[in-house]
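Asker: Following this line is upload08.pdb, made up of PDB, N, CA and C atoms:
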ATOM      1  N   MET A   1      26.528  38.589   8.422
ATOM      2  CA  MET A   1      25.581  38.908   7.381
ATOM      3  C   MET A   1      25.397  37.702   6.458
ATOM      4  N   VAL A   2      24.163  37.444   6.137
ATOM      5  CA  VAL A   2      23.858  36.367   5.190
ATOM      6  C   VAL A   2      23.439  36.993   3.869
ATOM      7  N   LYS A   3      23.687  36.271   2.793
ATOM      8  CA  LYS A   3      23.301  36.727   1.462
ATOM      9  C   LYS A   3      22.072  35.938   1.025
ATOM     10  N   ILE A   4      21.078  36.673   0.569
ATOM     11  CA  ILE A   4      19.827  36.080   0.102
ATOM     12  C   ILE A   4      19.542  36.643  -1.278
ATOM     13  N   THR A   5      19.192  35.749  -2.208
ATOM     14  CA  THR A   5      18.923  36.167  -3.578
ATOM     15  C   THR A   5      17.443  36.016  -3.898
ATOM     16  N   PHE A   6      16.895  37.040  -4.536
ATOM     17  CA  PHE A   6      15.528  37.026  -5.033
ATOM     18  C   PHE A   6      15.580  37.037  -6.547
ATOM     19  N   ILE A   7      14.769  36.186  -7.171
ATOM     20  CA  ILE A   7      14.662  36.175  -8.622
ATOM     21  C   ILE A   7      13.204  36.460  -8.961
ATOM     22  N   THR A   8      12.985  37.572  -9.658
ATOM     23  CA  THR A   8      11.630  38.000  -9.988
ATOM     24  C   THR A   8      11.140  37.302 -11.250
ATOM     25  N   LYS A   9       9.846  37.481 -11.543
ATOM     26  CA  LYS A   9       9.222  36.846 -12.710
ATOM     27  C   LYS A   9       9.904  37.249 -14.014
ATOM     28  N   ASP A  10      10.513  38.429 -14.052
ATOM     29  CA  ASP A  10      11.209  38.862 -15.263
ATOM     30  C   ASP A  10      12.681  38.424 -15.252
ATOM     31  N   ASN A  11      13.004  37.465 -14.375
ATOM     32  CA  ASN A  11      14.344  36.863 -14.241
ATOM     33  C   ASN A  11      15.414  37.838 -13.765
ATOM     34  N   LYS A  12      15.016  38.907 -13.112
ATOM     35  CA  LYS A  12      15.991  39.816 -12.515
ATOM     36  C   LYS A  12      16.429  39.227 -11.182
ATOM     37  N   SER A  13      17.720  39.101 -11.018
ATOM     38  CA  SER A  13      18.289  38.535  -9.796
ATOM     39  C   SER A  13      18.875  39.658  -8.944
ATOM     40  N   THR A  14      18.494  39.666  -7.663
ATOM     41  CA  THR A  14      19.002  40.662  -6.724
ATOM     42  C   THR A  14      19.476  39.939  -5.477
ATOM     43  N   THR A  15      20.732  40.137  -5.117
ATOM     44  CA  THR A  15      21.283  39.539  -3.905
ATOM     45  C   THR A  15      21.442  40.634  -2.856
ATOM     46  N   LEU A  16      20.889  40.348  -1.679
ATOM     47  CA  LEU A  16      20.905  41.306  -0.577
ATOM     48  C   LEU A  16      21.566  40.679   0.643
ATOM     49  N   GLU A  17      22.031  41.516   1.544
ATOM     50  CA  GLU A  17      22.626  41.053   2.795
ATOM     51  C   GLU A  17      21.790  41.514   3.976
ATOM     52  N   ALA A  18      21.680  40.651   4.970
ATOM     53  CA  ALA A  18      20.943  40.982   6.194
ATOM     54  C   ALA A  18      21.441  40.096   7.322
ATOM     55  N   ASP A  19      21.103  40.484   8.550
ATOM     56  CA  ASP A  19      21.471  39.644   9.689
ATOM     57  C   ASP A  19      20.288  39.346  10.602
ATOM     58  N   SER A  20      19.121  39.950  10.307
ATOM     59  CA  SER A  20      17.941  39.681  11.129
ATOM     60  C   SER A  20      16.693  40.123  10.390
ATOM     61  N   GLY A  21      15.536  39.828  10.987
ATOM     62  CA  GLY A  21      14.262  40.193  10.395
ATOM     63  C   GLY A  21      13.717  39.068   9.533
ATOM     64  N   SER A  22      12.658  39.376   8.814
ATOM     65  CA  SER A  22      12.062  38.371   7.937
ATOM     66  C   SER A  22      12.555  38.568   6.507
ATOM     67  N   VAL A  23      12.448  37.514   5.738
ATOM     68  CA  VAL A  23      12.805  37.581   4.324
ATOM     69  C   VAL A  23      11.886  38.590   3.624
ATOM     70  N   MET A  24      10.609  38.638   4.018
ATOM     71  CA  MET A  24       9.677  39.598   3.434
ATOM     72  C   MET A  24      10.118  41.039   3.694
ATOM     73  N   ALA A  25      10.485  41.346   4.920
ATOM     74  CA  ALA A  25      10.909  42.707   5.256
ATOM     75  C   ALA A  25      12.131  43.105   4.444
ATOM     76  N   LEU A  26      13.055  42.192   4.269
ATOM     77  CA  LEU A  26      14.247  42.454   3.459
ATOM     78  C   LEU A  26      13.833  42.789   2.032
ATOM     79  N   ALA A  27      12.907  42.011   1.470
ATOM     80  CA  ALA A  27      12.446  42.241   0.102
ATOM     81  C   ALA A  27      11.704  43.567  -0.025
ATOM     82  N   VAL A  28      10.790  43.837   0.896
ATOM     83  CA  VAL A  28      10.003  45.077   0.844
ATOM     84  C   VAL A  28      10.913  46.293   1.003
ATOM     85  N   ASP A  29      11.830  46.229   1.948
ATOM     86  CA  ASP A  29      12.738  47.349   2.192
ATOM     87  C   ASP A  29      13.629  47.650   0.989
ATOM     88  N   ASN A  30      13.797  46.647   0.126
ATOM     89  CA  ASN A  30      14.665  46.811  -1.038
ATOM     90  C   ASN A  30      13.892  46.787  -2.356
ATOM     91  N   ASN A  31      12.574  46.994  -2.261
ATOM     92  CA  ASN A  31      11.713  47.135  -3.442
ATOM     93  C   ASN A  31      11.805  45.982  -4.438
ATOM     94  N   ILE A  32      11.793  44.752  -3.917
ATOM     95  CA  ILE A  32      11.798  43.581  -4.796
ATOM     96  C   ILE A  32      10.419  43.464  -5.440
ATOM     97  N   LEU A  33      10.371  43.516  -6.760
ATOM     98  CA  LEU A  33       9.125  43.457  -7.519
ATOM     99  C   LEU A  33       8.388  42.150  -7.235
ATOM    100  N   GLY A  34       7.111  42.253  -6.877
ATOM    101  CA  GLY A  34       6.289  41.071  -6.627
ATOM    102  C   GLY A  34       6.156  40.696  -5.167
ATOM    103  N   ILE A  35       6.887  41.365  -4.291
ATOM    104  CA  ILE A  35       6.757  41.137  -2.848
ATOM    105  C   ILE A  35       6.077  42.364  -2.268
ATOM    106  N   GLY A  36       4.794  42.200  -1.906
ATOM    107  CA  GLY A  36       4.029  43.334  -1.409
ATOM    108  C   GLY A  36       4.041  43.471   0.099
ATOM    109  N   GLY A  37       3.850  42.367   0.792
ATOM    110  CA  GLY A  37       3.796  42.434   2.247
ATOM    111  C   GLY A  37       2.650  43.284   2.745
ATOM    112  N   ASP A  38       1.509  43.207   2.071
ATOM    113  CA  ASP A  38       0.373  44.080   2.393
ATOM    114  C   ASP A  38      -0.095  43.973   3.841
ATOM    115  N   CYS A  39      -0.007  42.792   4.433
ATOM    116  CA  CYS A  39      -0.505  42.617   5.800
ATOM    117  C   CYS A  39       0.545  42.970   6.856
ATOM    118  N   GLY A  40       1.743  43.342   6.415
ATOM    119  CA  GLY A  40       2.787  43.711   7.355
ATOM    120  C   GLY A  40       3.514  42.525   7.962
ATOM    121  N   GLY A  41       3.298  41.348   7.413
ATOM    122  CA  GLY A  41       4.044  40.181   7.869
ATOM    123  C   GLY A  41       3.340  39.319   8.893
ATOM    124  N   VAL A  42       2.011  39.382   8.940
ATOM    125  CA  VAL A  42       1.275  38.585   9.930
ATOM    126  C   VAL A  42       0.584  37.363   9.324
ATOM    127  N   CYS A  43       1.026  36.970   8.145
ATOM    128  CA  CYS A  43       0.542  35.725   7.518
ATOM    129  C   CYS A  43      -0.948  35.781   7.203
ATOM    130  N   SER A  44      -1.393  36.917   6.638
ATOM    131  CA  SER A  44      -2.812  36.997   6.332
ATOM    132  C   SER A  44      -3.127  37.542   4.944
ATOM    133  N   CYS A  45      -2.138  37.534   4.019
ATOM    134  CA  CYS A  45      -2.458  38.075   2.694
ATOM    135  C   CYS A  45      -1.800  37.344   1.526
ATOM    136  N   ALA A  46      -0.710  36.681   1.715
ATOM    137  CA  ALA A  46       0.017  35.943   0.671
ATOM    138  C   ALA A  46       0.631  36.839  -0.404
ATOM    139  N   THR A  47       0.792  38.144  -0.140
ATOM    140  CA  THR A  47       1.444  39.010  -1.120
ATOM    141  C   THR A  47       2.969  38.956  -1.025
ATOM    142  N   CYS A  48       3.468  38.031  -0.231
ATOM    143  CA  CYS A  48       4.917  37.837  -0.115
ATOM    144  C   CYS A  48       5.301  36.405  -0.502
ATOM    145  N   HIS A  49       4.460  35.796  -1.318
ATOM    146  CA  HIS A  49       4.636  34.406  -1.738
ATOM    147  C   HIS A  49       5.921  34.242  -2.558
ATOM    148  N   VAL A  50       6.722  33.270  -2.164
ATOM    149  CA  VAL A  50       7.942  32.911  -2.888
ATOM    150  C   VAL A  50       8.002  31.399  -3.069
ATOM    151  N   HIS A  51       8.818  30.989  -4.018
ATOM    152  CA  HIS A  51       9.137  29.575  -4.184
ATOM    153  C   HIS A  51      10.587  29.398  -3.757
ATOM    154  N   VAL A  52      10.820  28.465  -2.877
ATOM    155  CA  VAL A  52      12.157  28.161  -2.386
ATOM    156  C   VAL A  52      12.867  27.325  -3.440
ATOM    157  N   GLN A  53      14.129  27.620  -3.663
ATOM    158  CA  GLN A  53      14.906  26.798  -4.588
ATOM    159  C   GLN A  53      14.881  25.357  -4.085
ATOM    160  N   GLU A  54      14.592  24.428  -4.984
ATOM    161  CA  GLU A  54      14.337  23.031  -4.618
ATOM    162  C   GLU A  54      15.422  22.429  -3.735
ATOM    163  N   ASP A  55      16.680  22.626  -4.069
ATOM    164  CA  ASP A  55      17.757  21.999  -3.300
ATOM    165  C   ASP A  55      17.986  22.658  -1.938
ATOM    166  N   GLN A  56      17.231  23.726  -1.643
ATOM    167  CA  GLN A  56      17.368  24.423  -0.365
ATOM    168  C   GLN A  56      16.135  24.274   0.524
ATOM    169  N   ALA A  57      15.157  23.524   0.051
ATOM    170  CA  ALA A  57      13.886  23.413   0.775
ATOM    171  C   ALA A  57      14.066  22.886   2.195
ATOM    172  N   ASP A  58      14.929  21.904   2.394
ATOM    173  CA  ASP A  58      15.137  21.361   3.742
ATOM    174  C   ASP A  58      15.738  22.404   4.672
ATOM    175  N   LYS A  59      16.626  23.210   4.146
ATOM    176  CA  LYS A  59      17.285  24.261   4.939
ATOM    177  C   LYS A  59      16.278  25.337   5.357
ATOM    178  N   ILE A  60      15.331  25.655   4.488
ATOM    179  CA  ILE A  60      14.341  26.698   4.764
ATOM    180  C   ILE A  60      13.260  26.187   5.707
ATOM    181  N   GLY A  61      12.888  24.926   5.544
ATOM    182  CA  GLY A  61      11.867  24.330   6.394
ATOM    183  C   GLY A  61      10.486  24.372   5.761
ATOM    184  N   LYS A  62       9.572  23.700   6.403
ATOM    185  CA  LYS A  62       8.204  23.585   5.892
ATOM    186  C   LYS A  62       7.317  24.692   6.453
ATOM    187  N   ALA A  63       6.255  24.958   5.716
ATOM    188  CA  ALA A  63       5.278  25.961   6.138
ATOM    189  C   ALA A  63       4.461  25.441   7.316
ATOM    190  N   SER A  64       4.054  26.353   8.173
ATOM    191  CA  SER A  64       3.159  26.001   9.274
ATOM    192  C   SER A  64       1.765  25.748   8.711
ATOM    193  N   GLU A  65       0.885  25.223   9.529
ATOM    194  CA  GLU A  65      -0.485  24.949   9.097
ATOM    195  C   GLU A  65      -1.205  26.248   8.691
ATOM    196  N   ILE A  66      -1.015  27.302   9.459
ATOM    197  CA  ILE A  66      -1.638  28.592   9.142
ATOM    198  C   ILE A  66      -1.111  29.126   7.806
ATOM    199  N   GLU A  67       0.185  28.996   7.616
ATOM    200  CA  GLU A  67       0.792  29.447   6.363
ATOM    201  C   GLU A  67       0.272  28.624   5.180
ATOM    202  N   GLU A  68       0.168  27.320   5.351
ATOM    203  CA  GLU A  68      -0.377  26.468   4.288
ATOM    204  C   GLU A  68      -1.811  26.862   3.941
ATOM    205  N   ASP A  69      -2.607  27.181   4.954
ATOM    206  CA  ASP A  69      -3.985  27.623   4.711
ATOM    207  C   ASP A  69      -4.007  28.897   3.869
ATOM    208  N   MET A  70      -3.122  29.821   4.161
ATOM    209  CA  MET A  70      -3.073  31.069   3.403
ATOM    210  C   MET A  70      -2.590  30.811   1.973
ATOM    211  N   LEU A  71      -1.638  29.925   1.815
ATOM    212  CA  LEU A  71      -1.122  29.615   0.479
ATOM    213  C   LEU A  71      -2.183  28.957  -0.406
ATOM    214  N   GLU A  72      -3.127  28.257   0.207
ATOM    215  CA  GLU A  72      -4.196  27.622  -0.563
ATOM    216  C   GLU A  72      -5.035  28.639  -1.326
ATOM    217  N   LEU A  73      -5.002  29.889  -0.920
ATOM    218  CA  LEU A  73      -5.770  30.942  -1.577
ATOM    219  C   LEU A  73      -5.062  31.496  -2.813
ATOM    220  N   ASP A  74      -3.822  31.097  -3.017
ATOM    221  CA  ASP A  74      -3.032  31.591  -4.147
ATOM    222  C   ASP A  74      -3.026  30.550  -5.267
ATOM    223  N   ASP A  75      -3.154  31.008  -6.493
ATOM    224  CA  ASP A  75      -3.184  30.096  -7.642
ATOM    225  C   ASP A  75      -1.813  29.604  -8.072
ATOM    226  N   ASN A  76      -0.763  30.243  -7.635
ATOM    227  CA  ASN A  76       0.579  29.959  -8.136
ATOM    228  C   ASN A  76       1.438  29.174  -7.142
ATOM    229  N   THR A  77       0.819  28.298  -6.373
ATOM    230  CA  THR A  77       1.580  27.551  -5.369
ATOM    231  C   THR A  77       2.136  26.260  -5.947
ATOM    232  N   ASN A  78       3.183  25.790  -5.311
ATOM    233  CA  ASN A  78       3.742  24.471  -5.609
ATOM    234  C   ASN A  78       4.324  23.909  -4.314
ATOM    235  N   GLU A  79       4.963  22.776  -4.396
ATOM    236  CA  GLU A  79       5.471  22.131  -3.184
ATOM    237  C   GLU A  79       6.583  22.916  -2.493
ATOM    238  N   PHE A  80       7.124  23.928  -3.177
ATOM    239  CA  PHE A  80       8.205  24.738  -2.601
ATOM    240  C   PHE A  80       7.736  26.140  -2.231
ATOM    241  N   SER A  81       6.428  26.333  -2.161
ATOM    242  CA  SER A  81       5.862  27.633  -1.820
ATOM    243  C   SER A  81       6.010  27.933  -0.337
ATOM    244  N   ARG A  82       6.336  29.192  -0.065
ATOM    245  CA  ARG A  82       6.381  29.708   1.306
ATOM    246  C   ARG A  82       5.960  31.162   1.282
ATOM    247  N   LEU A  83       5.512  31.652   2.416
ATOM    248  CA  LEU A  83       5.288  33.076   2.594
ATOM    249  C   LEU A  83       6.555  33.637   3.226
ATOM    250  N   SER A  84       7.164  34.585   2.543
ATOM    251  CA  SER A  84       8.461  35.077   3.016
ATOM    252  C   SER A  84       8.370  35.803   4.348
ATOM    253  N   CYS A  85       7.161  36.222   4.749
ATOM    254  CA  CYS A  85       7.010  36.855   6.064
ATOM    255  C   CYS A  85       7.207  35.845   7.193
ATOM    256  N   GLN A  86       7.101  34.577   6.876
ATOM    257  CA  GLN A  86       7.216  33.530   7.884
ATOM    258  C   GLN A  86       8.612  32.904   7.926
ATOM    259  N   ILE A  87       9.532  33.444   7.156
ATOM    260  CA  ILE A  87      10.910  32.931   7.125
ATOM    261  C   ILE A  87      11.812  33.963   7.775
ATOM    262  N   GLU A  88      12.341  33.622   8.919
ATOM    263  CA  GLU A  88      13.234  34.519   9.645
ATOM    264  C   GLU A  88      14.669  34.356   9.143
ATOM    265  N   ILE A  89      15.340  35.465   8.998
ATOM    266  CA  ILE A  89      16.725  35.450   8.538
ATOM    267  C   ILE A  89      17.616  34.909   9.642
ATOM    268  N   SER A  90      18.445  33.944   9.263
ATOM    269  CA  SER A  90      19.409  33.335  10.185
ATOM    270  C   SER A  90      20.608  32.869   9.368
ATOM    271  N   GLU A  91      21.642  32.453  10.044
ATOM    272  CA  GLU A  91      22.853  31.969   9.365
ATOM    273  C   GLU A  91      22.548  30.818   8.409
ATOM    274  N   GLU A  92      21.542  29.994   8.736
ATOM    275  CA  GLU A  92      21.183  28.860   7.888
ATOM    276  C   GLU A  92      20.700  29.308   6.507
ATOM    277  N   LEU A  93      20.259  30.557   6.384
ATOM    278  CA  LEU A  93      19.750  31.056   5.110
ATOM    279  C   LEU A  93      20.830  31.602   4.190
ATOM    280  N   ASP A  94      22.063  31.626   4.640
ATOM    281  CA  ASP A  94      23.128  32.169   3.802
ATOM    282  C   ASP A  94      23.171  31.436   2.462
ATOM    283  N   GLY A  95      23.045  32.188   1.385
ATOM    284  CA  GLY A  95      23.053  31.621   0.045
ATOM    285  C   GLY A  95      21.688  31.194  -0.466
ATOM    286  N   ALA A  96      20.635  31.422   0.309
ATOM    287  CA  ALA A  96      19.290  31.014  -0.093
ATOM    288  C   ALA A  96      18.831  31.788  -1.328
ATOM    289  N   VAL A  97      18.061  31.103  -2.168
ATOM    290  CA  VAL A  97      17.492  31.697  -3.371
ATOM    291  C   VAL A  97      15.975  31.550  -3.311
ATOM    292  N   PHE A  98      15.281  32.661  -3.503
ATOM    293  CA  PHE A  98      13.820  32.676  -3.494
ATOM    294  C   PHE A  98      13.330  33.219  -4.834
ATOM    295  N   TYR A  99      12.404  32.474  -5.439
ATOM    296  CA  TYR A  99      11.784  32.897  -6.681
ATOM    297  C   TYR A  99      10.456  33.569  -6.344
ATOM    298  N   VAL A 100      10.304  34.818  -6.718
ATOM    299  CA  VAL A 100       9.089  35.574  -6.418
ATOM    300  C   VAL A 100       7.942  34.991  -7.227
ATOM    301  N   ALA A 101       6.855  34.649  -6.542
ATOM    302  CA  ALA A 101       5.728  33.967  -7.193
ATOM    303  C   ALA A 101       4.820  34.930  -7.943
ATOM    304  N   GLN A 102       4.764  36.183  -7.518
ATOM    305  CA  GLN A 102       3.881  37.177  -8.132
ATOM    306  C   GLN A 102       4.662  38.119  -9.035
ATOM    307  N   GLU A 103       3.957  38.766  -9.931
ATOM    308  CA  GLU A 103       4.602  39.755 -10.808
ATOM    309  C   GLU A 103       4.548  41.124 -10.182
TER     310      GLU A 103
END
Let me see whether you can do it: turn the structure in this file into structure tokens.
Answerer:
Amino acid sequence: MVKITFITKDNKSTTLEADSGSVMALAVDNNILGIGGDCGGVCSCATCHVHVQEDQADKIGKASEIEEDMLELDDNTNEFSRLSCQIEISEELDGAVFYVAQE
């Protein structure tokens, strides 16, 4: 099991454990405020937008071209923006921190 922490816009920190699936599914299943997952995780809505903690960006990896195109539609992006539906849970994510981009 890996531990993943979500920090919402109101600075509420929630640490969850998982061993598979997407980061978005973990957030939605646990009612993390600001993670909607409206499209069901197919990279077509950006309602699961997160900011990766800066010192963990290399571990999480870069967005695909399709993901970058979708992020361009969001006003709250930065160089550490990712769609959590596109991040698969793996051992490399243990200790990862994601800042929820939406309220």
Asker: Need the neighbours of (6.0, 29.2, -5.3): which residues are at most 8 Å away, counting only N, CA and C atoms, as JSON, numbers by chain?
Answerer: {"A": [49, 50, 51, 52, 76, 77, 78, 79, 80, 81, 82, 99, 100, 101, 102]}
Asker: Carefully work through the PyMOL selection byres (((chain A and resi 17-29 and name CA) around 6) and name CA) for this structure and note down the residues it includes, as a ChimeraX atom specification.
Answerer: /A:1-3,16,30-32,84-85,87-89
Asker: For a test of reading the model, state the distance in Å between CA of Thr5 (chain A) and CA of Gly95 (chain A), rounded to one decimal.
Answerer: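 Atom-to-atom, CA of Thr5 (chain A) to CA of Gly95 (chain A), that is 7.1 Å.
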Asker: To one decimal place, how far is CA of Gly36 (chain A) from CA of Glu91 (chain A) in Å?
Answerer: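 Distance between the two atoms: 24.5 Å.
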Asker: Report as JSON, numbers by chain: the residues of chain A with a DSSP assignment of alpha helix (DSSP H), based on the backbone of this structure.
Answerer: {"A": [23, 24, 25, 26, 27, 28, 29, 57, 58, 59, 60, 65, 66, 67, 68, 69, 70, 71]}
Asker: Quote the spacing between atom N of Ile60 (chain A) and atom N of Cys45 (chain A) in Å to one decimal place.
Answerer: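 Straight-line distance from atom N of Ile60 (chain A) to atom N of Cys45 (chain A) works out to 21.1 Å.
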Asker: Within 7 Å of Glu67 (chain A), counting only C-alpha atoms, which residues qualify if same-chain residues fewer than 3 places away don't, as a count of residues only?
Answerer: 6
Asker: I'd like to know which of A:Asp69, A:Asp38, A:Asp75, A:Phe98 is closest to Gln56 (chain A), using only C-alpha atoms.
Answerer: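 Going through A:Asp69, A:Asp38, A:Asp75, A:Phe98 one by one, the smallest distance to Gln56 (chain A) is for A:Phe98.
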Asker: Excluding same-chain residues fewer than 2 positions from Leu33 (chain A), what lies within 7 Å of it counting only C-alpha atoms, as a ChimeraX atom specification?
Answerer: /A:8,31,35,103
